[in-house]
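Quick look at data-v3.cif (mmCIF, C-alpha atoms and all ligand atoms):
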```
data_model
loop_
_atom_site.label_atom_id
_atom_site.label_comp_id
_atom_site.auth_asym_id
_atom_site.auth_seq_id
_atom_site.Cartn_x
_atom_site.Cartn_y
_atom_site.Cartn_z
CA MET A 1 -30.67 3.10 -9.27
CA LEU A 2 -27.60 0.92 -9.91
CA GLU A 3 -27.77 -2.75 -9.08
CA TRP A 4 -25.12 -4.24 -6.84
CA PRO A 5 -23.85 -7.46 -8.43
CA ASP A 6 -23.95 -9.62 -5.34
CA SER A 7 -27.03 -11.78 -5.58
CA ASP A 8 -24.92 -14.96 -5.83
CA TYR A 9 -21.86 -13.61 -4.04
CA GLU A 10 -19.53 -16.30 -2.68
CA PRO A 11 -16.26 -15.22 -1.08
CA ASP A 12 -13.13 -16.59 -2.73
CA PRO A 13 -10.57 -18.18 -0.45
CA VAL A 14 -7.33 -16.23 -0.06
CA SER A 15 -4.37 -17.99 1.47
CA LYS A 16 -1.22 -15.93 0.87
CA PRO A 17 0.37 -13.70 3.54
CA ILE A 18 -0.94 -10.15 3.42
CA VAL A 19 0.24 -7.01 5.22
CA VAL A 20 -2.35 -4.29 5.86
CA ILE A 21 -0.89 -0.88 6.73
CA GLY A 22 -3.05 1.39 8.90
CA ALA A 23 -5.35 0.37 11.76
CA GLY A 24 -8.30 2.69 11.21
CA ILE A 25 -11.69 1.40 10.10
CA ALA A 26 -10.49 0.87 6.51
CA GLY A 27 -7.46 -1.22 7.52
CA LEU A 28 -9.26 -3.18 10.23
CA ALA A 29 -12.29 -3.92 8.03
CA SER A 30 -9.93 -5.02 5.23
CA ALA A 31 -8.04 -7.29 7.63
CA TRP A 32 -11.32 -8.70 8.94
CA GLU A 33 -12.61 -9.56 5.45
CA LEU A 34 -9.30 -11.05 4.32
CA ALA A 35 -8.87 -13.09 7.50
CA ARG A 36 -12.47 -14.27 7.24
CA ARG A 37 -11.61 -15.58 3.76
CA GLY A 38 -8.68 -17.52 5.18
CA ALA A 39 -5.76 -15.16 4.52
CA GLN A 40 -2.78 -14.90 6.83
CA VAL A 41 -2.96 -11.21 7.77
CA GLU A 42 -0.74 -8.85 9.75
CA VAL A 43 -1.73 -5.24 10.47
CA LEU A 44 0.92 -2.54 10.89
CA GLU A 45 0.05 0.70 12.72
CA ARG A 46 2.53 3.49 13.38
CA GLY A 47 0.70 4.64 16.55
CA THR A 48 -2.21 3.38 18.64
CA PRO A 49 -4.76 1.47 16.54
CA GLY A 50 -8.11 3.14 15.89
CA GLN A 51 -7.28 6.59 17.24
CA GLU A 52 -7.41 8.79 14.13
CA ALA A 53 -10.36 9.75 11.88
CA SER A 54 -12.23 6.54 12.54
CA TRP A 55 -12.35 7.30 16.25
CA ALA A 56 -13.20 10.98 15.71
CA GLY A 57 -16.23 10.42 13.48
CA ALA A 58 -19.93 10.45 14.33
CA GLY A 59 -20.77 6.91 13.20
CA ILE A 60 -23.75 7.90 11.02
CA LEU A 61 -24.21 5.06 8.52
CA SER A 62 -25.52 7.08 5.59
CA LEU A 63 -24.60 9.74 3.09
CA LEU A 64 -25.86 12.99 4.62
CA LEU A 65 -27.90 14.16 1.60
CA PRO A 66 -27.78 10.91 -0.38
CA TRP A 67 -29.28 12.36 -3.58
CA ASN A 68 -26.34 14.77 -3.92
CA TYR A 69 -23.73 12.07 -4.58
CA PRO A 70 -22.66 10.18 -7.74
CA ALA A 71 -24.56 6.95 -8.49
CA PRO A 72 -21.61 4.54 -7.96
CA LEU A 73 -20.98 5.98 -4.48
CA ARG A 74 -24.64 5.58 -3.66
CA ALA A 75 -24.53 1.99 -4.91
CA LEU A 76 -21.49 1.22 -2.72
CA THR A 77 -23.19 2.93 0.23
CA GLU A 78 -26.45 1.05 -0.19
CA HIS A 79 -24.57 -2.23 -0.44
CA SER A 80 -22.61 -1.38 2.71
CA GLN A 81 -25.80 -0.48 4.56
CA ALA A 82 -27.25 -3.84 3.56
CA LEU A 83 -24.13 -5.68 4.79
CA TYR A 84 -23.98 -3.81 8.11
CA PRO A 85 -26.35 -5.80 10.37
CA ASP A 86 -24.73 -9.19 9.67
CA TRP A 87 -21.23 -7.68 9.62
CA ILE A 88 -21.77 -6.11 13.05
CA ASP A 89 -23.34 -9.28 14.38
CA ALA A 90 -20.31 -11.36 13.37
CA ILE A 91 -17.86 -8.85 14.89
CA HIS A 92 -19.94 -8.55 18.08
CA LYS A 93 -20.12 -12.32 18.52
CA THR A 94 -16.42 -12.87 17.79
CA ALA A 95 -15.16 -10.05 20.01
CA ALA A 96 -17.86 -10.03 22.72
CA ILE A 97 -17.92 -6.21 22.43
CA ASP A 98 -21.14 -4.45 21.35
CA PRO A 99 -20.52 -1.71 18.73
CA GLU A 100 -24.03 -0.32 19.43
CA TYR A 101 -25.45 -0.55 15.92
CA ARG A 102 -28.89 1.13 16.12
CA ARG A 103 -31.42 2.13 13.47
CA THR A 104 -32.41 5.48 14.97
CA GLY A 105 -33.43 7.16 11.68
CA MET A 106 -32.36 10.60 10.51
CA LEU A 107 -34.51 13.71 10.23
CA ILE A 108 -33.30 16.18 7.61
CA ARG A 109 -34.52 19.65 8.49
CA ALA A 110 -34.97 22.37 5.88
CA PRO A 111 -33.36 23.72 3.82
CA TYR A 112 -33.02 20.86 1.35
CA ASP A 113 -34.05 20.43 -2.25
CA ARG A 114 -37.38 18.71 -1.73
CA ALA A 115 -38.00 17.78 -5.38
CA GLN A 116 -34.51 16.33 -5.77
CA ALA A 117 -34.78 14.47 -2.49
CA GLU A 118 -38.16 12.98 -3.28
CA THR A 119 -37.18 11.96 -6.83
CA GLY A 120 -33.80 10.60 -5.83
CA PHE A 121 -35.04 8.87 -2.71
CA ALA A 122 -38.51 7.66 -3.61
CA GLY A 123 -39.79 4.97 -1.31
CA GLN A 124 -37.13 5.39 1.35
CA ALA A 125 -38.12 8.71 2.84
CA ALA A 126 -41.27 10.29 4.22
CA THR A 127 -42.07 13.96 4.56
CA VAL A 128 -44.00 13.31 7.76
CA ALA A 129 -41.94 12.19 10.73
CA PRO A 130 -43.37 10.18 13.66
CA ALA A 131 -45.14 12.04 16.46
CA ALA A 132 -42.12 11.57 18.76
CA LEU A 133 -40.19 13.94 16.48
CA THR A 134 -42.83 16.69 16.41
CA GLY A 135 -40.65 19.12 18.29
CA PHE A 136 -37.78 18.67 15.83
CA GLY A 137 -39.54 18.93 12.45
CA PRO A 138 -40.72 19.58 9.89
CA GLY A 139 -38.28 17.71 7.74
CA LEU A 140 -37.56 14.73 5.57
CA TRP A 141 -37.64 11.54 7.63
CA LEU A 142 -35.25 8.73 6.68
CA PRO A 143 -36.32 5.92 9.03
CA GLU A 144 -33.76 3.35 7.83
CA VAL A 145 -30.66 5.36 8.72
CA ALA A 146 -28.56 3.60 11.35
CA GLN A 147 -25.58 4.58 13.46
CA VAL A 148 -22.76 2.80 15.21
CA ARG A 149 -20.62 3.84 18.15
CA ASN A 150 -17.42 4.03 16.14
CA PRO A 151 -14.87 3.85 19.01
CA ARG A 152 -16.58 0.65 20.18
CA LEU A 153 -16.67 -0.75 16.64
CA LEU A 154 -12.90 -0.20 16.43
CA GLN A 155 -12.36 -1.92 19.79
CA ALA A 156 -14.56 -4.80 18.68
CA LEU A 157 -12.74 -5.15 15.37
CA LEU A 158 -9.35 -5.13 17.11
CA GLU A 159 -10.43 -7.80 19.58
CA GLY A 160 -12.21 -9.80 16.88
CA LEU A 161 -9.12 -9.75 14.68
CA ARG A 162 -6.95 -10.97 17.56
CA ARG A 163 -9.38 -13.83 18.12
CA LEU A 164 -9.19 -14.67 14.38
CA GLY A 165 -5.41 -14.93 14.74
CA VAL A 166 -4.47 -11.64 13.09
CA THR A 167 -1.37 -9.99 14.57
CA ILE A 168 -1.63 -6.24 15.05
CA HIS A 169 1.73 -4.50 15.38
CA SER A 170 1.21 -1.08 16.97
CA GLU A 171 3.46 1.84 17.92
CA ILE A 172 5.98 0.82 15.27
CA GLY A 173 6.62 4.27 13.81
CA THR A 174 6.16 5.48 10.26
CA ILE A 175 6.28 2.73 7.69
CA SER A 176 7.68 2.86 4.18
CA LEU A 177 7.70 0.36 1.33
CA THR A 178 10.65 -1.33 -0.38
CA THR A 179 10.16 -2.37 -3.98
CA GLN A 180 11.85 -4.46 -6.64
CA ALA A 181 10.85 -4.15 -10.30
CA ASN A 182 7.05 -3.78 -10.20
CA ARG A 183 6.46 -5.41 -6.82
CA VAL A 184 6.55 -4.37 -3.18
CA THR A 185 8.92 -6.63 -1.28
CA ALA A 186 8.40 -5.46 2.30
CA ALA A 187 6.95 -2.85 4.62
CA VAL A 188 9.79 -1.33 6.65
CA SER A 189 10.10 0.69 9.83
CA GLY A 190 13.63 1.31 11.13
CA ASP A 191 15.39 -2.05 11.10
CA ARG A 192 12.13 -4.06 11.12
CA ARG A 193 10.79 -5.58 7.89
CA TRP A 194 7.50 -7.27 7.08
CA PRO A 195 7.70 -9.14 3.77
CA ALA A 196 4.42 -10.43 2.28
CA ASP A 197 2.80 -11.57 -0.91
CA GLN A 198 0.34 -8.65 -1.06
CA PHE A 199 0.14 -5.27 0.66
CA VAL A 200 -2.82 -3.01 1.44
CA VAL A 201 -2.42 0.71 2.09
CA ALA A 202 -5.20 1.91 4.40
CA THR A 203 -3.49 4.86 6.01
CA GLY A 204 -6.36 7.32 5.61
CA ALA A 205 -5.37 10.97 5.20
CA TRP A 206 -1.69 9.85 5.17
CA SER A 207 -2.06 7.44 2.24
CA ALA A 208 -0.15 9.56 -0.30
CA ASN A 209 2.59 10.21 2.32
CA LEU A 210 3.05 6.49 2.88
CA LEU A 211 3.20 5.80 -0.87
CA ASP A 212 5.68 8.65 -1.28
CA GLN A 213 7.32 8.35 -4.74
CA HIS A 214 4.74 5.66 -5.64
CA ALA A 215 1.74 7.93 -4.96
CA ALA A 216 0.98 8.02 -8.72
CA GLY A 217 -1.35 11.00 -8.42
CA LEU A 218 -3.39 9.58 -5.53
CA PRO A 219 -5.58 12.61 -4.74
CA ILE A 220 -6.09 12.05 -1.00
CA ARG A 221 -5.55 14.92 1.41
CA PRO A 222 -6.55 15.68 5.01
CA ILE A 223 -9.81 17.51 5.66
CA ARG A 224 -10.26 18.38 9.35
CA GLY A 225 -13.54 17.78 11.15
CA GLN A 226 -14.33 19.03 14.66
CA MET A 227 -16.93 17.63 17.03
CA LEU A 228 -18.47 18.48 20.41
CA LEU A 229 -19.83 15.98 22.94
CA TYR A 230 -22.69 16.65 25.40
CA ARG A 231 -24.30 14.55 28.08
CA THR A 232 -28.00 14.33 28.95
CA GLU A 233 -30.54 11.67 29.91
CA PRO A 234 -30.98 8.75 27.44
CA GLY A 235 -33.79 9.25 24.92
CA ARG A 236 -33.76 13.07 25.05
CA LEU A 237 -33.06 13.11 21.29
CA PRO A 238 -34.72 10.13 19.55
CA CYS A 239 -32.98 10.28 16.16
CA ILE A 240 -30.11 11.81 14.19
CA LEU A 241 -30.90 15.42 13.26
CA TYR A 242 -29.32 17.01 10.18
CA GLU A 243 -29.55 20.63 9.14
CA ALA A 244 -27.49 22.55 6.58
CA GLY A 245 -24.24 20.62 6.94
CA GLN A 246 -24.44 20.11 10.72
CA TYR A 247 -25.88 17.25 12.74
CA LEU A 248 -26.67 15.91 16.20
CA VAL A 249 -26.20 12.20 16.91
CA PRO A 250 -27.70 10.65 20.08
CA ARG A 251 -25.96 7.69 21.71
CA ALA A 252 -27.93 5.10 23.69
CA ASP A 253 -26.46 6.21 27.03
CA GLY A 254 -27.45 9.90 26.70
CA HIS A 255 -24.34 11.31 25.05
CA ILE A 256 -25.06 13.59 22.08
CA LEU A 257 -22.48 14.46 19.43
CA ALA A 258 -22.65 17.79 17.60
CA GLY A 259 -20.72 17.93 14.34
CA SER A 260 -18.97 18.82 12.27
CA THR A 261 -16.66 21.14 10.38
CA LEU A 262 -15.00 20.63 6.98
CA GLU A 263 -11.64 22.43 7.05
CA ASP A 264 -8.80 22.30 4.55
CA VAL A 265 -5.90 23.06 6.92
CA GLY A 266 -3.40 20.30 6.22
CA PHE A 267 -2.24 17.86 8.90
CA ASP A 268 -3.40 20.07 11.79
CA LYS A 269 -5.62 18.39 14.37
CA THR A 270 -5.95 21.29 16.80
CA THR A 271 -9.44 22.41 17.83
CA THR A 272 -10.57 26.02 17.43
CA VAL A 273 -12.79 28.44 19.35
CA GLU A 274 -14.61 29.36 16.11
CA ALA A 275 -15.68 25.77 15.50
CA ARG A 276 -16.67 25.32 19.13
CA ASP A 277 -18.84 28.45 19.01
CA ARG A 278 -20.49 27.43 15.75
CA LEU A 279 -21.28 23.86 16.85
CA HIS A 280 -22.36 24.99 20.29
CA GLY A 281 -24.63 27.62 18.67
CA PHE A 282 -26.23 24.86 16.58
CA MET A 283 -26.75 22.71 19.68
CA SER A 284 -28.14 25.66 21.64
CA ARG A 285 -30.72 26.38 18.96
CA LEU A 286 -31.95 22.77 18.73
CA LEU A 287 -31.53 21.53 22.32
CA PRO A 288 -31.02 24.61 24.52
CA ASP A 289 -31.52 22.73 27.80
CA VAL A 290 -28.80 20.20 26.94
CA ALA A 291 -26.48 22.89 25.57
CA ALA A 292 -26.86 24.95 28.76
CA SER A 293 -24.43 22.77 30.72
CA GLY A 294 -21.83 23.06 27.94
CA PRO A 295 -19.93 20.43 25.96
CA ILE A 296 -17.95 17.85 27.92
CA ARG A 297 -15.42 17.26 25.14
CA HIS A 298 -14.18 18.83 21.91
CA TRP A 299 -11.95 17.07 19.36
CA ALA A 300 -10.80 17.05 15.76
CA GLY A 301 -9.94 14.34 13.25
CA LEU A 302 -8.45 14.29 9.76
CA ARG A 303 -10.68 12.74 7.12
CA PRO A 304 -9.05 11.18 4.03
CA GLY A 305 -10.52 13.69 1.55
CA ALA A 306 -10.93 12.64 -2.09
CA PRO A 307 -12.65 14.31 -5.08
CA ASP A 308 -16.44 13.83 -5.08
CA ASN A 309 -16.02 11.68 -1.97
CA ILE A 310 -15.12 8.74 -4.24
CA PRO A 311 -12.82 6.32 -2.38
CA ILE A 312 -9.91 4.57 -4.06
CA ILE A 313 -10.30 0.81 -3.74
CA ALA A 314 -7.87 -0.41 -6.33
CA ARG A 315 -4.68 -2.14 -7.34
CA HIS A 316 -1.72 0.22 -7.74
CA PRO A 317 -1.22 1.11 -11.43
CA ILE A 318 2.44 -0.03 -11.42
CA LEU A 319 3.15 -2.10 -8.28
CA GLU A 320 1.11 -5.19 -9.01
CA ASN A 321 0.91 -6.62 -5.47
CA LEU A 322 -0.04 -3.31 -3.83
CA PHE A 323 -3.66 -2.30 -3.17
CA VAL A 324 -5.25 0.80 -1.70
CA ASN A 325 -8.44 1.07 0.36
CA SER A 326 -8.63 4.74 1.25
CA GLY A 327 -10.11 8.17 0.46
CA HIS A 328 -13.53 7.50 2.01
CA PHE A 329 -13.63 11.13 3.11
CA ARG A 330 -16.90 11.75 5.04
CA TYR A 331 -18.14 8.16 4.90
CA GLY A 332 -15.41 5.71 5.87
CA VAL A 333 -17.43 4.11 8.65
CA THR A 334 -20.51 3.78 6.43
CA LEU A 335 -18.52 2.28 3.57
CA ALA A 336 -16.30 -0.06 5.61
CA PRO A 337 -17.90 -3.48 4.97
CA ALA A 338 -18.57 -2.97 1.23
CA SER A 339 -15.13 -1.43 0.62
CA ALA A 340 -13.43 -4.34 2.38
CA GLU A 341 -15.46 -6.81 0.34
CA LEU A 342 -14.59 -5.04 -2.91
CA LEU A 343 -10.92 -4.90 -1.95
CA ALA A 344 -10.82 -8.62 -1.13
CA ASP A 345 -12.50 -9.38 -4.47
CA LEU A 346 -9.86 -7.36 -6.31
CA MET A 347 -7.07 -9.10 -4.40
CA THR A 348 -8.40 -12.48 -5.46
CA GLY A 349 -8.48 -11.47 -9.12
CA LYS A 350 -12.19 -10.73 -9.52
CA THR A 351 -12.94 -8.04 -12.11
CA PRO A 352 -15.10 -5.27 -10.67
CA GLU A 353 -18.49 -4.72 -12.27
CA PRO A 354 -18.84 -1.65 -14.54
CA THR A 355 -20.68 0.14 -11.73
CA LEU A 356 -17.43 0.09 -9.71
CA ARG A 357 -15.16 1.56 -12.37
CA LEU A 358 -15.11 4.90 -10.59
CA PHE A 359 -13.20 3.46 -7.63
CA THR A 360 -10.27 2.30 -9.75
CA TRP A 361 -6.98 4.12 -9.94
CA PRO A 362 -6.96 5.31 -13.61
CA ASP A 363 -10.26 7.16 -13.12
CA ILE A 364 -8.84 8.77 -10.05
CA ILE A 365 -5.71 9.90 -11.90
CA ARG A 366 -7.94 11.67 -14.42
CA ALA A 367 -10.04 13.29 -11.69
CA ALA A 368 -9.40 16.85 -10.57
CA PRO A 369 -7.70 17.31 -7.19
CA VAL A 370 -9.95 17.92 -4.14
C1 LIG B 401 -15.49 14.80 12.62
C2 LIG B 401 -15.69 13.61 11.72
C3 LIG B 401 -16.96 13.07 11.58
C4 LIG B 401 -17.15 11.96 10.77
N1 LIG B 401 -18.39 11.36 10.74
C5 LIG B 401 -18.59 10.25 10.01
C6 LIG B 401 -19.85 9.58 10.01
O1 LIG B 401 -20.77 9.99 10.71
N2 LIG B 401 -20.00 8.48 9.24
C7 LIG B 401 -19.00 7.98 8.45
O2 LIG B 401 -19.20 7.00 7.75
N3 LIG B 401 -17.76 8.58 8.46
C8 LIG B 401 -17.55 9.69 9.20
N4 LIG B 401 -16.33 10.33 9.19
C9 LIG B 401 -15.32 9.88 8.22
C10 LIG B 401 -14.61 8.64 8.70
O3 LIG B 401 -14.28 8.80 10.04
C11 LIG B 401 -13.36 8.43 7.82
O4 LIG B 401 -13.74 8.35 6.46
C12 LIG B 401 -12.69 7.10 8.19
O5 LIG B 401 -12.47 7.05 9.57
C13 LIG B 401 -11.37 6.91 7.47
O6 LIG B 401 -10.82 5.71 7.96
P1 LIG B 401 -9.34 5.29 7.64
O7 LIG B 401 -9.12 3.98 8.26
O8 LIG B 401 -9.11 5.44 6.18
O9 LIG B 401 -8.45 6.44 8.33
P2 LIG B 401 -7.97 6.61 9.84
O10 LIG B 401 -9.02 6.25 10.80
O11 LIG B 401 -7.39 7.98 9.94
O12 LIG B 401 -6.84 5.52 9.99
C14 LIG B 401 -5.61 5.60 9.32
C15 LIG B 401 -4.58 4.89 10.19
O13 LIG B 401 -3.35 4.78 9.48
C16 LIG B 401 -2.30 5.07 10.37
N5 LIG B 401 -1.13 5.50 9.60
C17 LIG B 401 -0.97 6.65 8.92
N6 LIG B 401 0.24 6.68 8.30
C18 LIG B 401 0.84 5.50 8.62
C19 LIG B 401 2.11 4.95 8.27
N7 LIG B 401 2.99 5.55 7.46
N8 LIG B 401 2.41 3.73 8.77
C20 LIG B 401 1.52 3.07 9.57
N9 LIG B 401 0.33 3.54 9.92
C21 LIG B 401 -0.03 4.76 9.44
C22 LIG B 401 -2.86 6.15 11.27
O14 LIG B 401 -2.12 6.25 12.48
C23 LIG B 401 -4.29 5.66 11.47
O15 LIG B 401 -4.42 4.79 12.58
C24 LIG B 401 -16.08 11.41 10.04
C25 LIG B 401 -14.81 11.93 10.20
C26 LIG B 401 -14.59 13.03 11.05
C27 LIG B 401 -13.20 13.54 11.24
#
```
As structure tokens - that is how I would like this structure written.
Ligand SMILES: Cc1cc2nc3c(=O)[nH]c(=O)nc-3n(C[C@H](O)[C@H](O)[C@H](O)COP(=O)(O)OP(=O)(O)OC[C@H]3O[C@@H](n4cnc5c(N)ncnc54)[C@H](O)[C@@H]3O)c2cc1C
Amino acid sequence: MLEWPDSDYEPDPVSKPIVVIGAGIAGLASAWELARRGAQVEVLERGTPGQEASWAGAGILSLLLPWNYPAPLRALTEHSQALYPDWIDAIHKTAAIDPEYRRTGMLIRAPYDRAQAETGFAGQAATVAPAALTGFGPGLWLPEVAQVRNPRLLQALLEGLRRLGVTIHSEIGTISLTTQANRVTAAVSGDRRWPADQFVVATGAWSANLLDQHAAGLPIRPIRGQMLLYRTEPGRLPCILYEAGQYLVPRADGHILAGSTLEDVGFDKTTTVEARDRLHGFMSRLLPDVAASGPIRHWAGLRPGAPDNIPIIARHPILENLFVNSGHFRYGVTLAPASAELLADLMTGKTPEPTLRLFTWPDIIRAAPV
């Protein structure tokens, strides 16, 4: 397993004005980390903050079959998981909003590659789940897996940022960048301009659109995910259940999410009957009594898809004061604290460790499209 180089980590102070574009989890977590380090931060959002993929997700704080992913992504994930409790605590205390971080564990039902799982996950998983899960097994039990209620985390981050003095400009329309030589001079929308010393693009599935002629091969594209929501009594499902690409996620108040689809349909957020039937069929097989009353809500979100689920957390190859924190695909909520930390390190001139080379732009340019 790769070591994360943070044993003596000390944040560097940042003091120059920074504009973060995009108010999803990636942009808000970036703004939080930069503001925490003393930067003067403004966030620009074309619509309502926190209403796109970050709202639509399930809030599972883990790779779904962790052993299937490249080592650097696993290292970033494990570091993020380690940061999560303190990160949430600080946001909760600052904002006085509880994002409902809970270590509920995840049960992975067959089929899965048992040998690969046990080799790649030694010490963190058990093949025997607790008695409370008897009705849901057999499967591989990952007791450390946590979840967060992502819409509440977004609300908490927004409120926390306001209390830290960060201005969030919302409903300002689509933003573009003006440049001079090899620098960005301002973010622009209509006749409004936001000059700054450094800029962060965190516009999720729309990152290449925002960069436009400066996209430099950024391989991020929308991948739609649909979700159903059910309501039952609290505690009916004690943990996250995963089976063959689909999952159920129980919230503390009795809501249960059933997800999700992976659809390459461009910037189309409509929901479909096919997806509803498939997810409802999954729910009906695992929790027929809860499924019987039908889903109370059905929605879709657009994930920022990137090859091998490797995010791009990097300085732009040409525009020296422009950074990207995007392409987290299926795991943007999981990866938020570690990605923001890595971004802030890059912005203060720290050289990433060799284990993080895969997140840099040149590697991404060489990678095949999604
Ligand atoms: C169904 C589903 C389930 C998921 N489940 C999980 C999960 O369990 N765990 C997990 O870790 N992840 C999960 N994800 C993935 C996760 O939600 C995403 O990786 C993450 O939300 C991406 O965050 P983001 O901030 O990059 O993008 P977004 O949340 O989409 O935010 C981008 C923001 O940028 C704004 N924007 C776009 N263009 C512009 C512009 N030109 N100017 C200004 N603003 C702009 C948008 O309006 C938006 O607010 C799931 C996603 C989906 C859809």
Next item on the list: One decimal, Å: what's the distance from CA of Leu154 (chain A) over to atom O3 of ligand LIG 401 (chain B), could you say?
Entry: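 These atoms are spaced 11.1 Å apart.
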Notebook entry, point to check: Suppose you want the space between CA of Phe359 (chain A) and CA of Glu78 (chain A); what is it in Å?
Noted result: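 Separation of CA of Phe359 (chain A) and CA of Glu78 (chain A): 15.4 Å.
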Near Ala196 (chain A), within 7 Å and counting only C-alpha atoms, which residues show up once chain neighbours fewer than 4 positions away are dropped, as a CSV table (one decimal) with C-alpha atoms, in the frame of the given file?
```
chain,number,residue,atom,x,y,z
A,17,PRO,CA,0.4,-13.7,3.5
A,18,ILE,CA,-0.9,-10.2,3.4
A,19,VAL,CA,0.2,-7.0,5.2
A,185,THR,CA,8.9,-6.6,-1.3
A,186,ALA,CA,8.4,-5.5,2.3
```
Margin query: Please list as number ranges by chain every residue within 10 Å of Ile310 (chain A), counting all atoms listed in the file and excluding residues in the same chain fewer than 3 positions away.
Written below: A: 69-70, 72-73, 76, 305-307, 313, 326-331, 358-360, 364
Gln81 (chain A) environment, 10 Å, only C-alpha atoms, sequence neighbours closer than 4 positions dropped, as a PDB file with C-alpha atoms, in the frame of the given file:
```pdb
ATOM      1  CA  LEU A  61     -24.210   5.060   8.520  1.00  0.00           C
ATOM      2  CA  SER A  62     -25.520   7.080   5.590  1.00  0.00           C
ATOM      3  CA  ALA A  75     -24.530   1.990  -4.910  1.00  0.00           C
ATOM      4  CA  LEU A  76     -21.490   1.220  -2.720  1.00  0.00           C
ATOM      5  CA  THR A  77     -23.190   2.930   0.230  1.00  0.00           C
ATOM      6  CA  PRO A  85     -26.350  -5.800  10.370  1.00  0.00           C
ATOM      7  CA  TRP A  87     -21.230  -7.680   9.620  1.00  0.00           C
ATOM      8  CA  GLU A 144     -33.760   3.350   7.830  1.00  0.00           C
ATOM      9  CA  VAL A 145     -30.660   5.360   8.720  1.00  0.00           C
ATOM     10  CA  ALA A 146     -28.560   3.600  11.350  1.00  0.00           C
ATOM     11  CA  THR A 334     -20.510   3.780   6.430  1.00  0.00           C
ATOM     12  CA  LEU A 335     -18.520   2.280   3.570  1.00  0.00           C
ATOM     13  CA  ALA A 336     -16.300  -0.060   5.610  1.00  0.00           C
ATOM     14  CA  PRO A 337     -17.900  -3.480   4.970  1.00  0.00           C
ATOM     15  CA  ALA A 338     -18.570  -2.970   1.230  1.00  0.00           C
TER      16      ALA A 338
END
```
Do you have, as JSON lines, the list of residues of region 11-92 of chain A lying at most 8 Å from region 226-250 of chain A, each with its nearest atom pair and that distance in Å to one decimal, counting all atoms listed in the file and ordered by chain then number?
```
{"residue": "A:Ala56", "atom": "CA", "partner": "A:Met227", "partner_atom": "CA", "distance": 7.7}
{"residue": "A:Ala58", "atom": "CA", "partner": "A:Val249", "partner_atom": "CA", "distance": 7.0}
{"residue": "A:Ile60", "atom": "CA", "partner": "A:Val249", "partner_atom": "CA", "distance": 7.7}
{"residue": "A:Leu64", "atom": "CA", "partner": "A:Tyr242", "partner_atom": "CA", "distance": 7.7}
```
Note to self: Between CA of Asp89 (chain A) and atom O11 of ligand LIG 401 (chain B), what distance in Å does the model show, to one decimal?
What the structure shows: 23.9 Å
Kindly complete region 19-30 of chain A to N, CA and C atoms; the output should be written as a PDB file, in the coordinates of the input.
```pdb
ATOM      1  N   VAL A  19      -0.006  -8.062   4.232  1.00  0.00           N
ATOM      2  CA  VAL A  19       0.240  -7.010   5.220  1.00  0.00           C
ATOM      3  C   VAL A  19      -0.704  -5.858   4.927  1.00  0.00           C
ATOM      4  N   VAL A  20      -1.464  -5.451   5.955  1.00  0.00           N
ATOM      5  CA  VAL A  20      -2.350  -4.290   5.860  1.00  0.00           C
ATOM      6  C   VAL A  20      -1.708  -3.167   6.656  1.00  0.00           C
ATOM      7  N   ILE A  21      -1.535  -2.010   6.040  1.00  0.00           N
ATOM      8  CA  ILE A  21      -0.890  -0.880   6.730  1.00  0.00           C
ATOM      9  C   ILE A  21      -1.947   0.153   7.096  1.00  0.00           C
ATOM     10  N   GLY A  22      -2.054   0.440   8.390  1.00  0.00           N
ATOM     11  CA  GLY A  22      -3.050   1.390   8.900  1.00  0.00           C
ATOM     12  C   GLY A  22      -4.136   0.658   9.663  1.00  0.00           C
ATOM     13  N   ALA A  23      -4.333   1.035  10.924  1.00  0.00           N
ATOM     14  CA  ALA A  23      -5.350   0.370  11.760  1.00  0.00           C
ATOM     15  C   ALA A  23      -6.476   1.323  12.105  1.00  0.00           C
ATOM     16  N   GLY A  24      -7.020   2.000  11.085  1.00  0.00           N
ATOM     17  CA  GLY A  24      -8.300   2.690  11.210  1.00  0.00           C
ATOM     18  C   GLY A  24      -9.393   1.739  10.729  1.00  0.00           C
ATOM     19  N   ILE A  25     -10.582   2.272  10.516  1.00  0.00           N
ATOM     20  CA  ILE A  25     -11.690   1.400  10.100  1.00  0.00           C
ATOM     21  C   ILE A  25     -11.398   0.730   8.754  1.00  0.00           C
ATOM     22  N   ALA A  26     -10.736   1.453   7.834  1.00  0.00           N
ATOM     23  CA  ALA A  26     -10.490   0.870   6.510  1.00  0.00           C
ATOM     24  C   ALA A  26      -9.519  -0.307   6.616  1.00  0.00           C
ATOM     25  N   GLY A  27      -8.446  -0.145   7.382  1.00  0.00           N
ATOM     26  CA  GLY A  27      -7.460  -1.220   7.520  1.00  0.00           C
ATOM     27  C   GLY A  27      -8.028  -2.395   8.311  1.00  0.00           C
ATOM     28  N   LEU A  28      -8.736  -2.099   9.391  1.00  0.00           N
ATOM     29  CA  LEU A  28      -9.260  -3.180  10.230  1.00  0.00           C
ATOM     30  C   LEU A  28     -10.361  -3.958   9.512  1.00  0.00           C
ATOM     31  N   ALA A  29     -11.231  -3.225   8.787  1.00  0.00           N
ATOM     32  CA  ALA A  29     -12.290  -3.920   8.030  1.00  0.00           C
ATOM     33  C   ALA A  29     -11.673  -4.759   6.909  1.00  0.00           C
ATOM     34  N   SER A  30     -10.609  -4.247   6.279  1.00  0.00           N
ATOM     35  CA  SER A  30      -9.930  -5.020   5.230  1.00  0.00           C
ATOM     36  C   SER A  30      -9.337  -6.295   5.836  1.00  0.00           C
TER      37      SER A  30
END
```
